[in-house]
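Source file: my_file_3.txt; contents: compact mmCIF, C-alpha atoms and all ligand atoms.
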# COMPACT_ATOMS: atom_id res chain seq x y z
CA MET G 178 -10.30 12.88 12.75
CA PHE G 179 -8.24 10.43 10.67
CA GLY G 180 -5.50 8.10 11.84
CA LEU G 181 -2.62 6.30 10.17
CA ILE G 182 -1.00 3.22 11.65
CA GLY G 183 2.50 2.61 10.34
CA HIS G 184 5.92 1.27 11.23
CA SER G 185 9.59 1.76 10.43
CA THR G 186 11.09 -0.06 7.46
CA SER G 187 13.77 -1.81 9.57
CA PHE G 188 14.93 -2.22 13.17
CA GLU G 189 18.07 -0.22 12.45
CA GLU G 190 16.10 2.64 10.96
CA ALA G 191 13.65 2.56 13.92
CA ARG G 192 16.53 2.92 16.39
CA ILE G 193 17.93 5.92 14.49
CA LYS G 194 14.47 7.50 14.54
CA ALA G 195 14.13 6.84 18.31
CA LYS G 196 17.49 8.53 18.90
CA SER G 197 16.44 11.59 16.90
CA LEU G 198 13.22 11.85 18.94
CA GLY G 199 15.15 11.65 22.24
CA PHE G 200 14.10 8.09 23.20
CA ASP G 201 17.66 7.00 24.12
CA ASP G 202 16.54 3.83 25.94
CA TYR G 203 14.82 2.58 22.81
CA ALA G 204 17.67 3.68 20.55
CA GLU G 205 20.00 1.42 22.51
CA GLY G 206 17.48 -1.34 23.27
CA ASP G 207 17.52 -4.79 21.65
CA LEU G 208 14.73 -6.40 19.60
CA ASP G 209 13.20 -8.04 22.71
CA MET G 210 12.77 -4.63 24.28
CA TRP G 211 11.10 -3.34 21.12
CA CYS G 212 8.82 -6.37 21.02
CA ALA G 213 7.47 -5.44 24.45
CA ALA G 214 7.09 -1.71 23.66
CA PRO G 215 3.56 -0.25 23.36
CA PRO G 216 2.39 1.70 20.26
CA GLN G 217 3.03 5.44 20.25
CA LEU G 218 0.94 8.28 18.91
CA VAL G 219 3.92 10.23 17.60
CA GLU G 220 2.42 13.07 15.65
CA THR G 221 -0.77 15.05 15.06
CA VAL G 222 -1.34 17.14 11.93
CA SER G 223 -3.84 19.39 10.16
CA VAL G 224 -4.51 18.77 6.48
CA THR G 225 -6.32 21.19 4.18
CA SER G 226 -8.03 20.19 0.94
CA PRO G 227 -8.15 22.50 -2.12
CA THR G 228 -11.86 22.79 -1.24
CA GLY G 229 -10.76 24.73 1.86
CA LYS G 230 -11.81 22.05 4.33
CA THR G 231 -9.31 21.31 7.13
CA ILE G 232 -9.22 18.10 9.14
CA GLN G 233 -7.04 16.77 11.95
CA GLY G 234 -5.11 13.52 11.95
CA ALA G 235 -2.70 11.45 13.99
CA TYR G 236 0.12 9.05 13.15
CA ILE G 237 0.45 5.99 15.36
CA ASP G 238 3.71 4.05 15.18
CA SER G 239 2.87 0.44 15.96
CA VAL G 240 6.51 -0.05 17.11
CA PHE G 241 6.50 -3.06 14.81
CA VAL G 242 9.53 -3.64 12.59
CA PRO G 243 9.77 -6.20 9.75
CA GLU G 244 12.30 -8.20 11.81
CA MET G 245 9.33 -9.19 14.02
CA LEU G 246 7.38 -10.81 11.17
CA ARG G 247 8.32 -14.33 12.27
CA ARG G 248 7.29 -13.64 15.88
CA PHE G 249 3.63 -14.21 15.14
CA LYS G 250 2.23 -13.42 18.59
CA THR G 251 4.25 -10.21 18.77
CA ALA G 252 3.21 -9.10 15.28
CA LYS G 253 -0.43 -9.77 16.08
CA ARG G 254 -0.24 -7.92 19.42
CA LYS G 255 1.47 -4.92 17.82
CA VAL G 256 -1.31 -4.45 15.27
CA LEU G 257 -4.16 -4.95 17.72
CA LYS G 258 -2.61 -2.65 20.33
CA ALA G 259 -2.11 0.10 17.72
CA MET G 260 -5.78 -0.26 16.71
CA GLU G 261 -6.82 -0.13 20.36
CA LEU G 262 -4.84 3.11 20.81
CA ALA G 263 -6.49 4.65 17.73
CA GLN G 264 -9.92 3.78 19.09
CA LYS G 265 -9.12 5.03 22.59
CA ARG G 266 -8.09 8.38 21.08
CA ASP G 267 -11.50 8.45 19.41
CA ILE G 268 -10.09 8.57 15.88
CA ASP G 269 -12.98 8.17 13.44
CA ILE G 270 -11.21 6.38 10.59
CA THR G 271 -7.72 4.84 10.65
CA ALA G 272 -5.77 3.22 7.81
CA LEU G 273 -3.62 0.16 8.41
CA GLY G 274 -0.35 0.82 6.58
CA GLY G 275 2.61 -1.29 5.46
CA PHE G 276 2.75 -4.75 7.01
CA THR G 277 -0.04 -3.99 9.51
CA SER G 278 -2.85 -4.66 7.02
CA ILE G 279 -1.08 -7.81 5.79
CA ILE G 280 -0.75 -9.07 9.38
CA PHE G 281 -4.39 -8.18 10.07
CA GLU G 282 -5.68 -10.12 7.07
CA ASP G 283 -3.21 -13.03 7.06
CA MET G 284 -3.56 -13.72 10.80
CA ASN G 285 -7.31 -13.32 10.57
CA LEU G 286 -7.42 -10.75 13.36
CA LEU G 287 -11.12 -10.18 12.71
CA ARG G 288 -11.61 -12.96 15.25
CA GLU G 289 -9.86 -10.85 17.91
CA GLU G 290 -12.60 -8.42 18.73
CA ARG G 291 -11.36 -7.61 22.19
CA VAL G 292 -7.99 -6.11 23.19
CA SER G 293 -7.64 -5.87 26.97
CA ALA G 294 -11.00 -4.35 27.99
CA VAL G 295 -11.62 -2.63 24.66
CA GLU G 296 -13.97 -4.06 22.06
CA LEU G 297 -12.62 -3.05 18.66
CA GLU G 298 -15.09 -1.32 16.36
CA TRP G 299 -14.13 -2.47 12.88
CA LYS G 300 -15.95 0.41 11.20
CA ARG G 301 -13.21 2.73 12.49
CA PHE G 302 -10.55 1.03 10.33
CA THR G 303 -9.83 0.65 6.63
CA THR G 304 -7.11 -1.22 4.75
CA GLY G 305 -6.98 1.57 2.16
CA ASN G 306 -6.91 -1.03 -0.62
CA THR G 307 -9.67 0.58 -2.73
CA HIS G 308 -7.73 3.81 -3.14
CA THR G 309 -4.49 1.87 -3.66
CA ALA G 310 -6.09 -0.15 -6.48
CA TRP G 311 -7.52 3.00 -8.10
CA VAL G 312 -4.18 4.84 -7.90
CA ILE G 313 -2.33 1.90 -9.47
CA CYS G 314 -4.84 1.87 -12.36
CA GLN G 315 -4.29 5.61 -12.85
CA GLN G 316 -0.55 4.99 -12.94
CA VAL G 317 -1.05 2.43 -15.72
CA VAL G 318 -3.29 4.61 -17.90
CA THR G 319 -1.14 7.72 -17.48
CA ASN G 320 2.35 6.29 -17.82
CA ALA G 321 1.92 3.57 -20.48
CA PRO G 322 1.03 6.06 -23.26
CA ALA G 323 3.92 8.29 -22.13
CA LEU G 324 6.23 5.39 -23.02
CA GLY G 325 4.53 4.83 -26.37
CA ILE G 326 2.58 1.78 -25.15
CA ASP G 327 -0.91 1.56 -26.67
CA LEU G 328 -3.00 0.13 -23.85
CA ALA G 329 -5.78 -0.96 -26.19
CA LYS G 330 -3.30 -3.45 -27.69
CA ALA G 331 -0.99 -4.01 -24.72
CA LYS G 332 -0.56 -7.18 -22.71
CA VAL G 333 -0.82 -6.29 -19.04
CA ALA G 334 0.47 -8.84 -16.52
CA VAL G 335 -0.96 -8.55 -13.00
CA VAL G 336 1.29 -10.35 -10.52
CA GLY G 337 -0.90 -11.01 -7.49
CA ALA G 338 -4.01 -11.00 -9.70
CA THR G 339 -6.15 -12.98 -7.24
CA GLY G 340 -5.40 -10.68 -4.29
CA ASP G 341 -7.62 -7.94 -2.91
CA ILE G 342 -5.85 -5.18 -4.84
CA GLY G 343 -4.89 -7.33 -7.85
CA SER G 344 -8.42 -8.56 -8.57
CA ALA G 345 -9.76 -4.98 -8.33
CA VAL G 346 -7.03 -3.79 -10.73
CA CYS G 347 -8.00 -6.59 -13.18
CA ARG G 348 -11.69 -5.60 -13.10
CA TRP G 349 -10.87 -1.90 -13.57
CA LEU G 350 -8.43 -2.54 -16.45
CA GLN G 351 -10.95 -4.86 -18.09
CA ARG G 352 -13.51 -2.02 -18.09
CA GLN G 353 -10.84 0.38 -19.36
CA GLY G 354 -10.02 -2.01 -22.19
CA VAL G 355 -6.51 -3.42 -22.55
CA GLY G 356 -5.16 -5.79 -25.20
CA GLU G 357 -4.94 -8.82 -22.89
CA LEU G 358 -4.76 -9.47 -19.16
CA LEU G 359 -2.11 -11.98 -18.05
CA LEU G 360 -3.09 -13.39 -14.66
CA VAL G 361 -0.23 -14.42 -12.33
CA ALA G 362 -0.34 -15.85 -8.79
CA ARG G 363 0.83 -19.11 -7.17
CA ARG G 364 -2.39 -20.98 -6.40
CA PRO G 365 -4.25 -22.29 -9.47
CA GLN G 366 -7.83 -22.50 -8.13
CA PRO G 367 -8.31 -18.80 -7.27
CA LEU G 368 -6.78 -17.96 -10.67
CA VAL G 369 -9.33 -20.13 -12.47
CA GLU G 370 -12.15 -18.53 -10.45
CA LEU G 371 -10.88 -15.04 -11.29
CA GLN G 372 -10.63 -15.92 -14.96
CA GLN G 373 -14.21 -17.22 -14.87
CA ASN G 374 -15.46 -14.09 -13.10
CA LEU G 375 -13.72 -11.81 -15.57
CA GLY G 376 -14.71 -13.93 -18.54
CA GLU G 377 -11.23 -13.29 -19.94
CA GLY G 378 -7.53 -13.24 -19.07
CA ARG G 379 -4.79 -15.80 -19.62
CA ILE G 380 -3.30 -17.66 -16.65
CA LEU G 381 0.49 -17.82 -16.84
CA GLY G 382 3.48 -18.51 -14.63
CA LEU G 383 5.67 -15.51 -13.79
CA GLU G 384 8.51 -16.62 -16.10
CA GLU G 385 6.10 -17.00 -19.02
CA ALA G 386 4.20 -13.76 -18.36
CA LEU G 387 7.12 -11.34 -17.97
CA PRO G 388 8.60 -11.64 -21.50
CA GLU G 389 5.12 -11.16 -23.04
CA ALA G 390 4.07 -8.14 -21.01
CA ASP G 391 4.14 -4.51 -22.11
CA VAL G 392 2.98 -3.52 -18.63
CA VAL G 393 3.54 -5.44 -15.38
CA VAL G 394 1.53 -4.54 -12.28
CA TRP G 395 3.11 -6.09 -9.17
CA VAL G 396 0.62 -6.33 -6.36
CA ALA G 397 2.32 -9.11 -4.43
CA SER G 398 5.19 -8.82 -1.98
CA LEU G 399 8.30 -10.02 -3.83
CA PRO G 400 10.13 -13.06 -2.52
CA GLN G 401 13.62 -11.92 -1.43
CA GLY G 402 15.42 -14.41 -3.66
CA LEU G 403 13.46 -13.48 -6.82
CA GLN G 404 15.69 -12.89 -9.85
CA ILE G 405 14.38 -11.20 -12.99
CA ASP G 406 16.27 -11.73 -16.25
CA THR G 407 15.81 -8.22 -17.64
CA SER G 408 17.21 -9.29 -21.04
CA THR G 409 13.95 -11.19 -21.70
CA LEU G 410 11.68 -8.21 -20.99
CA LYS G 411 9.99 -6.18 -23.70
CA ARG G 412 11.26 -2.71 -24.54
CA PRO G 413 9.62 -0.49 -23.52
CA CYS G 414 8.16 -2.15 -20.47
CA LEU G 415 6.30 -0.34 -17.70
CA MET G 416 6.49 -1.96 -14.26
CA ILE G 417 4.31 -0.65 -11.46
CA ASP G 418 5.76 -1.71 -8.11
CA GLY G 419 2.59 -1.84 -6.02
CA GLY G 420 3.72 -4.39 -3.43
CA TYR G 421 5.29 -3.73 -0.07
CA PRO G 422 8.19 -3.34 0.46
CA LYS G 423 8.90 -1.51 -2.81
CA ASN G 424 12.09 -3.17 -4.04
CA LEU G 425 11.40 -3.95 -7.68
CA ASP G 426 13.80 -1.25 -8.89
CA THR G 427 16.70 -3.26 -7.42
CA LYS G 428 15.70 -6.30 -9.51
CA ALA G 429 14.35 -4.99 -12.79
CA SER G 430 15.99 -1.68 -13.66
CA ALA G 431 17.44 -1.65 -17.17
CA PRO G 432 17.35 0.68 -20.16
CA GLY G 433 13.83 0.58 -21.60
CA VAL G 434 12.37 -0.98 -18.44
CA HIS G 435 10.62 1.69 -16.41
CA VAL G 436 9.90 0.89 -12.78
CA LEU G 437 7.46 3.19 -11.01
CA LYS G 438 6.64 3.02 -7.32
CA GLY G 439 2.98 2.00 -7.27
CA GLY G 440 0.23 3.06 -4.90
CA ILE G 441 1.96 6.33 -3.99
CA VAL G 442 0.21 9.69 -4.18
CA GLU G 443 1.33 13.27 -3.94
CA PHE G 444 -0.76 15.83 -2.06
CA TRP G 445 -1.29 19.28 -3.63
CA GLN G 446 0.71 21.02 -0.87
CA ASP G 447 3.31 20.16 1.73
CA ILE G 448 2.01 18.79 5.01
CA GLY G 449 4.04 19.80 8.05
CA TRP G 450 4.67 16.22 9.20
CA GLN G 451 7.61 13.92 9.87
CA MET G 452 5.91 10.58 9.43
CA MET G 453 6.66 9.85 5.75
CA GLU G 454 10.41 10.25 6.29
CA VAL G 455 10.43 6.80 7.91
CA ALA G 456 8.64 5.43 4.83
CA GLU G 457 11.46 6.58 2.53
CA MET G 458 9.32 8.78 0.27
CA ALA G 459 11.23 10.92 -2.26
CA LYS G 460 9.21 13.95 -1.13
CA PRO G 461 8.12 13.04 2.40
CA GLN G 462 6.34 16.36 2.96
CA CYS G 463 3.69 15.66 0.33
CA GLN G 464 3.98 12.01 -0.78
CA MET G 465 2.37 9.09 1.00
CA PHE G 466 0.98 5.59 0.52
CA ALA G 467 -2.42 5.62 -1.17
CA CYS G 468 -3.81 3.49 1.68
CA PHE G 469 -2.97 6.27 4.16
CA ALA G 470 -4.52 8.81 1.84
CA GLU G 471 -7.73 6.75 1.88
CA ALA G 472 -8.24 7.52 5.59
CA ILE G 473 -7.68 11.22 4.86
CA LEU G 474 -10.18 11.09 1.98
CA LEU G 475 -12.79 9.28 4.04
CA ASP G 476 -12.45 11.91 6.75
CA PHE G 477 -12.72 14.77 4.25
CA GLU G 478 -15.83 13.10 2.82
CA GLU G 479 -17.16 12.26 6.31
CA ILE G 480 -17.47 8.60 5.37
CA HIS G 481 -16.66 7.14 8.76
CA THR G 482 -16.85 3.46 7.96
CA ASN G 483 -14.53 0.61 6.97
CA PHE G 484 -14.63 1.48 3.28
CA SER G 485 -12.01 -1.18 2.37
CA TRP G 486 -12.35 -4.34 4.41
CA GLY G 487 -11.91 -8.08 3.96
CA ARG G 488 -10.83 -9.71 0.72
CA ASN G 489 -12.15 -9.19 -2.81
CA ASN G 490 -14.92 -6.78 -1.80
CA ILE G 491 -13.64 -3.85 -3.88
CA THR G 492 -16.10 -2.83 -6.60
CA LEU G 493 -15.73 -0.58 -9.62
CA ALA G 494 -18.28 1.73 -8.00
CA THR G 495 -16.23 2.16 -4.80
CA MET G 496 -13.05 2.67 -6.87
CA ASP G 497 -14.79 5.38 -8.87
CA GLN G 498 -16.11 6.97 -5.67
CA ILE G 499 -12.72 7.13 -3.96
CA GLY G 500 -11.12 8.28 -7.23
CA VAL G 501 -13.44 11.28 -7.49
CA ALA G 502 -12.69 12.13 -3.84
CA SER G 503 -8.95 11.73 -4.46
CA ARG G 504 -9.00 14.31 -7.24
CA ARG G 505 -11.32 16.64 -5.35
CA HIS G 506 -9.05 16.75 -2.33
CA GLY G 507 -5.80 17.35 -4.18
CA PHE G 508 -4.12 13.95 -4.57
CA GLN G 509 -2.26 12.90 -7.70
CA ALA G 510 -0.79 9.49 -8.49
CA LEU G 511 3.01 9.37 -8.66
CA ALA G 512 4.23 9.41 -12.28
CA LEU G 513 7.44 8.48 -14.07
CA GLU G 514 10.01 11.22 -14.26
CA PRO G 515 10.43 12.77 -17.70
CA LEU G 516 12.02 10.18 -19.97
CA ALA G 517 15.15 12.17 -20.82
CA SER G 518 16.29 12.41 -17.21
CA ARG G 519 15.47 8.72 -16.51
CA GLU G 520 17.56 7.44 -19.42
CA ALA G 521 20.40 9.74 -18.40
CA VAL G 522 20.43 8.20 -14.90
CA LEU G 523 20.31 4.64 -16.23
CA THR G 524 23.15 5.12 -18.68
CA ALA G 525 25.35 7.16 -16.30
P1 LIG T 601 -3.45 -10.18 -0.94
O1 LIG T 601 -2.87 -11.07 0.11
O2 LIG T 601 -4.93 -10.03 -0.99
O3 LIG T 601 -2.96 -10.70 -2.37
C1 LIG T 601 -1.66 -11.07 -2.64
C2 LIG T 601 -1.64 -11.65 -4.04
O4 LIG T 601 -0.31 -11.96 -4.41
C3 LIG T 601 -2.41 -12.94 -4.19
O5 LIG T 601 -2.93 -13.00 -5.51
C4 LIG T 601 -1.33 -13.99 -4.02
O6 LIG T 601 -1.79 -15.22 -4.57
C5 LIG T 601 -0.20 -13.33 -4.80
N1 LIG T 601 1.16 -13.73 -4.47
C6 LIG T 601 1.74 -13.77 -3.26
N2 LIG T 601 3.02 -14.15 -3.38
C7 LIG T 601 3.25 -14.34 -4.70
C8 LIG T 601 4.39 -14.74 -5.44
N3 LIG T 601 5.53 -15.07 -4.86
N4 LIG T 601 4.28 -14.83 -6.78
C9 LIG T 601 3.10 -14.55 -7.41
N5 LIG T 601 1.99 -14.16 -6.74
C10 LIG T 601 2.08 -14.06 -5.40
O7 LIG T 601 -2.72 -8.77 -0.76
P2 LIG T 601 -3.26 -7.31 -1.08
O8 LIG T 601 -3.95 -7.32 -2.39
O9 LIG T 601 -3.95 -6.76 0.11
O10 LIG T 601 -1.88 -6.51 -1.21
C11 LIG T 601 -0.98 -6.79 -2.29
C12 LIG T 601 0.34 -6.07 -2.07
O11 LIG T 601 0.13 -4.65 -2.05
C13 LIG T 601 1.01 -6.39 -0.73
O12 LIG T 601 2.41 -6.51 -0.94
C14 LIG T 601 0.71 -5.15 0.12
O13 LIG T 601 1.67 -4.93 1.11
C15 LIG T 601 0.78 -4.07 -0.93
N6 LIG T 601 0.07 -2.83 -0.55
C16 LIG T 601 0.64 -1.65 -0.95
C17 LIG T 601 0.04 -0.45 -0.65
C18 LIG T 601 0.67 0.82 -1.14
O14 LIG T 601 1.75 0.81 -1.64
N7 LIG T 601 0.03 1.95 -1.03
C19 LIG T 601 -1.19 -0.37 0.14
C20 LIG T 601 -1.74 -1.66 0.47
C21 LIG T 601 -1.12 -2.84 0.15
P3 LIG T 601 -1.09 -16.63 -4.20
O15 LIG T 601 -1.00 -16.67 -2.70
O16 LIG T 601 -1.97 -17.65 -4.81
O17 LIG T 601 0.24 -16.57 -4.85
Mind turning the file's structure into structure tokens?
Amino acid sequence: MFGLIGHSTSFEEARIKAKSLGFDDYAEGDLDMWCAAPPQLVETVSVTSPTGKTIQGAYIDSVFVPEMLRRFKTAKRKVLKAMELAQKRDIDITALGGFTSIIFEDMNLLREERVSAVELEWKRFTTGNTHTAWVICQQVVTNAPALGIDLAKAKVAVVGATGDIGSAVCRWLQRQGVGELLLVARRPQPLVELQQNLGEGRILGLEEALPEADVVVWVASLPQGLQIDTSTLKRPCLMIDGGYPKNLDTKASAPGVHVLKGGIVEFWQDIGWQMMEVAEMAKPQCQMFACFAEAILLDFEEIHTNFSWGRNNITLATMDQIGVASRRHGFQALALEPLASREAVLTA
């Protein structure tokens, strides 16, 4: 059995969802009440692969909302309690979605082995980052040529290059062969180490990298105040919005600049579930975050271990492995809409 731990995208949206599910107390409750609320297993589903194999899964809402991010103890408790619930329900492999994996890693929750009386078994959880990195790479190689960008000559900026996903994307694109990798992050030392490990790549600030890039892969959460001067960007420019939340389209949309939601996959058939509606997917019945899909893939493949775990452990071999599984079990990376309809929307 696979599990997915997620959360609503805002407090307001969570209250609307609670109302629709008949939880009137929560719908009217304030943030303090939500902070004290336990995680909920809200849905169970069956998923069938094109191979004919069917598996069962469960969605656990951590009852975390982004408004709690500054309440560190609450955020930490929400994630650990959701993991405890997954383990108590005997779920074999559970993906940490949205902010929950960020909280897990940034607050170093690996130290917190015990929640109440339960000792957490890390092998039951995965961040889903290996599949996310592979899907983002697929989105680059599929969509750049569709825009007339020759990847063999293109400059590809990776914003968040030193991160878990970003460094894996750099290694994969290096093997693929791109014109030049532009490495962007805030701290210089990890950038230098990455450059040394790759044996290539140019370290640049964001403002220098953007005007040079034919393709930009964002695998960092965007600062709210970030402004992008779209007039300086190349045309065409492909931007893969792989961070969370996915808000690059509000900052960089312009004719000739093509923003694609990164790390999103579409399943080969509709799944009778509600859970992706809260994640604002265009087609919530079949689209999902690639990190969630990783738990589904691991369950299909009966790999019940923490496939993606810790920082900078993703290898080309594990990306290839999860990529083969992704195709076998009917997942496809989200692609740009046909160009004609995109330009019509932008110029309307
Ligand atoms: P990491 O924390 O490992 O890496 C984050 C990277 O971003 C680091 O290189 C960091 O370096 C850099 N960074 C952070 N802030 C900025 C900034 N303001 N400007 C430039 N660089 C910045 O994170 P992950 O690799 O695990 O995840 C990356 C993103 O992907 C996150 O937003 C995460 O939520 C999202 N994600 C999306 C998924 C999906 O859509 N399916 C699934 C999983 C994750 P430095 O601190 O030096 O700047």
>> For Glu261 (chain G), find every residue with an atom within 8 Å (counting all atoms listed in the file), except residues of its own chain fewer than 4 positions away, and show them as a PyMOL selection string.
In response: chain G and resi 257+265+292+295+297
Judged by all atoms listed in the file, the minimum distance to Thr303 (chain G) among G:Ala467, G:Leu198, G:Ala259, G:Ile270 is found for G:Ile270
Near-Gly356 (chain G) list (8 Å; only C-alpha atoms; drop same-chain fewer than 3 positions) as a short mmCIF file (atom, residue, chain, number, x, y, z; two decimals) with C-alpha atoms, in the coordinates of the input:
data_model
loop_
_atom_site.label_atom_id
_atom_site.label_comp_id
_atom_site.auth_asym_id
_atom_site.auth_seq_id
_atom_site.Cartn_x
_atom_site.Cartn_y
_atom_site.Cartn_z
CA LEU G 328 -3.00 0.13 -23.85
CA ALA G 329 -5.78 -0.96 -26.19
CA LYS G 330 -3.30 -3.45 -27.69
CA ALA G 331 -0.99 -4.01 -24.72
CA LYS G 332 -0.56 -7.18 -22.71
CA VAL G 333 -0.82 -6.29 -19.04
#
Exercise. Using all atoms listed in the file, find each protein or nucleic acid residue lying at most 7 Å from ligand LIG 601 (chain T); present the set as number ranges by chain.
Key: G: 274-276, 279, 304-306, 309, 336-343, 361-365, 367, 383, 396-400, 419-422, 439-441, 466-468, 488
Who sits within 12 Å of Asp238 (chain G), all atoms listed in the file, same chain under 4 positions skipped, as a PyMOL selection string: chain G and resi 180-186+191+194-195+214-221+242+255-256+258-260+262-263+273-275+277+451-453+455-456
- request: Identify, on the basis of all atoms listed in the file, every residue whose closest approach to region 204-207 of chain G does not exceed 7 Å; exclude the query and any residue fewer than 4 positions from it along the same chain; express the result as a PyMOL selection string.
  value: chain G and resi 192-193+195-196+200+211
Just to confirm, what's the straight-line distance from CA of Ala470 (chain G) to CA of Thr228 (chain G) in Å (one decimal)?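 Separating CA of Ala470 (chain G) from CA of Thr228 (chain G) is a distance of 16.1 Å.
Closest approach to Cys347 (chain G) from the set G:Ala321, G:Ile480, G:Ala310, G:Ala431 is made by G:Ala310, with distances taken over only C-alpha atoms.
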Report task. Do a neighbour search on Asp406 (chain G) at 9 Å with all atoms listed in the file, toss out local chain neighbours closer than 3 positions, and write the hits as a PyMOL selection string. Result -> chain G and resi 409-410+428-429
Taking all listed atoms of region 340-346 of chain G, build the axis-aligned box, pad each of the six sides by 6 Å, then write its centre and edge lengths in Å to one decimal as AutoDock Vina command-line options.
--center_x -7.3 --center_y -7.2 --center_z -6.8 --size_x 16.9 --size_y 18.9 --size_z 19.8
Which residues, protein or nucleic acid, reach to within 10 Å of (-9.8, 13.7, 11.1) in the file's coordinates when using all atoms listed in the file, and can you give that as an mmCIF file with C-alpha atoms, keeping the file's coordinate frame?
data_model
loop_
_atom_site.group_PDB
_atom_site.id
_atom_site.type_symbol
_atom_site.label_atom_id
_atom_site.label_comp_id
_atom_site.auth_asym_id
_atom_site.auth_seq_id
_atom_site.Cartn_x
_atom_site.Cartn_y
_atom_site.Cartn_z
ATOM 1 C CA MET G 178 -10.300 12.880 12.750
ATOM 2 C CA PHE G 179 -8.240 10.430 10.670
ATOM 3 C CA GLY G 180 -5.500 8.100 11.840
ATOM 4 C CA THR G 221 -0.770 15.050 15.060
ATOM 5 C CA VAL G 222 -1.340 17.140 11.930
ATOM 6 C CA SER G 223 -3.840 19.390 10.160
ATOM 7 C CA VAL G 224 -4.510 18.770 6.480
ATOM 8 C CA THR G 231 -9.310 21.310 7.130
ATOM 9 C CA ILE G 232 -9.220 18.100 9.140
ATOM 10 C CA GLN G 233 -7.040 16.770 11.950
ATOM 11 C CA GLY G 234 -5.110 13.520 11.950
ATOM 12 C CA ALA G 235 -2.700 11.450 13.990
ATOM 13 C CA ASP G 267 -11.500 8.450 19.410
ATOM 14 C CA ILE G 268 -10.090 8.570 15.880
ATOM 15 C CA ASP G 269 -12.980 8.170 13.440
ATOM 16 C CA ILE G 270 -11.210 6.380 10.590
ATOM 17 C CA THR G 271 -7.720 4.840 10.650
ATOM 18 C CA ALA G 472 -8.240 7.520 5.590
ATOM 19 C CA ILE G 473 -7.680 11.220 4.860
ATOM 20 C CA LEU G 474 -10.180 11.090 1.980
ATOM 21 C CA LEU G 475 -12.790 9.280 4.040
ATOM 22 C CA ASP G 476 -12.450 11.910 6.750
ATOM 23 C CA PHE G 477 -12.720 14.770 4.250
ATOM 24 C CA GLU G 479 -17.160 12.260 6.310
ATOM 25 C CA HIS G 481 -16.660 7.140 8.760
#
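The smallest atom-to-atom distance between Met245 (chain G) and any of G:Arg291, G:Gly354, G:Ala502, G:Met210, using all atoms listed in the file, is found for G:Met210.
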Requested in this report: Work out how far apart CA of Asn374 (chain G) and CA of Val394 (chain G) are and give it in Å to one decimal.
Outcome: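 Separation between CA of Asn374 (chain G) and CA of Val394 (chain G): 19.5 Å.
When CA of Val392 (chain G) is paired with CA of Pro515 (chain G), their separation reads 17.9 Å.
If all atoms listed in the file are the atoms counted, then among G:Tyr203, G:Phe281, G:Trp349, G:Phe188 the closest residue to Leu375 (chain G) is G:Trp349.
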In terms of only C-alpha atoms, the residue from G:Gln464, G:Gln401, G:Ser344, G:Gln446 at minimal distance from Trp311 (chain G) is G:Ser344
| query | Which protein, DNA or RNA residues are at most 12 Å from (9.7, -8.2, -24.9) in the file's coordinates when you count only C-alpha atoms, listed as a list of chain:residue names? | reply |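 Output of the proximity query reads G:Ala331, G:Lys332, G:Glu385, G:Ala386, G:Leu387, G:Pro388, G:Glu389, G:Ala390, G:Asp391, G:Val392, G:Val393, G:Asp406, G:Thr407, G:Ser408, G:Thr409, G:Leu410, G:Lys411, G:Arg412, G:Pro413, G:Cys414, G:Leu415, G:Gly433, G:Val434.
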Residue rebuild result region 424-430 of chain G, N, CA, C and O atoms as a PDB file, in the frame of the given file:
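Dumped to result19.pdb:
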ATOM      1  N   ASN G 424      10.691  -2.857  -3.731  1.00  0.00           N
ATOM      2  CA  ASN G 424      12.090  -3.170  -4.040  1.00  0.00           C
ATOM      3  C   ASN G 424      12.293  -3.676  -5.455  1.00  0.00           C
ATOM      4  O   ASN G 424      13.334  -4.244  -5.773  1.00  0.00           O
ATOM      5  N   LEU G 425      11.296  -3.449  -6.318  1.00  0.00           N
ATOM      6  CA  LEU G 425      11.400  -3.950  -7.680  1.00  0.00           C
ATOM      7  C   LEU G 425      12.512  -3.261  -8.465  1.00  0.00           C
ATOM      8  O   LEU G 425      13.132  -3.862  -9.341  1.00  0.00           O
ATOM      9  N   ASP G 426      12.773  -1.983  -8.137  1.00  0.00           N
ATOM     10  CA  ASP G 426      13.800  -1.250  -8.890  1.00  0.00           C
ATOM     11  C   ASP G 426      15.181  -1.889  -8.718  1.00  0.00           C
ATOM     12  O   ASP G 426      16.032  -1.785  -9.596  1.00  0.00           O
ATOM     13  N   THR G 427      15.395  -2.605  -7.619  1.00  0.00           N
ATOM     14  CA  THR G 427      16.700  -3.260  -7.420  1.00  0.00           C
ATOM     15  C   THR G 427      16.817  -4.521  -8.275  1.00  0.00           C
ATOM     16  O   THR G 427      17.901  -5.034  -8.482  1.00  0.00           O
ATOM     17  N   LYS G 428      15.683  -5.036  -8.774  1.00  0.00           N
ATOM     18  CA  LYS G 428      15.700  -6.300  -9.510  1.00  0.00           C
ATOM     19  C   LYS G 428      15.439  -6.160 -11.002  1.00  0.00           C
ATOM     20  O   LYS G 428      15.789  -7.033 -11.770  1.00  0.00           O
ATOM     21  N   ALA G 429      14.792  -5.054 -11.393  1.00  0.00           N
ATOM     22  CA  ALA G 429      14.350  -4.990 -12.790  1.00  0.00           C
ATOM     23  C   ALA G 429      14.777  -3.739 -13.540  1.00  0.00           C
ATOM     24  O   ALA G 429      14.339  -3.527 -14.655  1.00  0.00           O
ATOM     25  N   SER G 430      15.611  -2.894 -12.947  1.00  0.00           N
ATOM     26  CA  SER G 430      15.990  -1.680 -13.660  1.00  0.00           C
ATOM     27  C   SER G 430      16.931  -1.994 -14.822  1.00  0.00           C
ATOM     28  O   SER G 430      17.911  -2.715 -14.644  1.00  0.00           O
TER      29      SER G 430
END
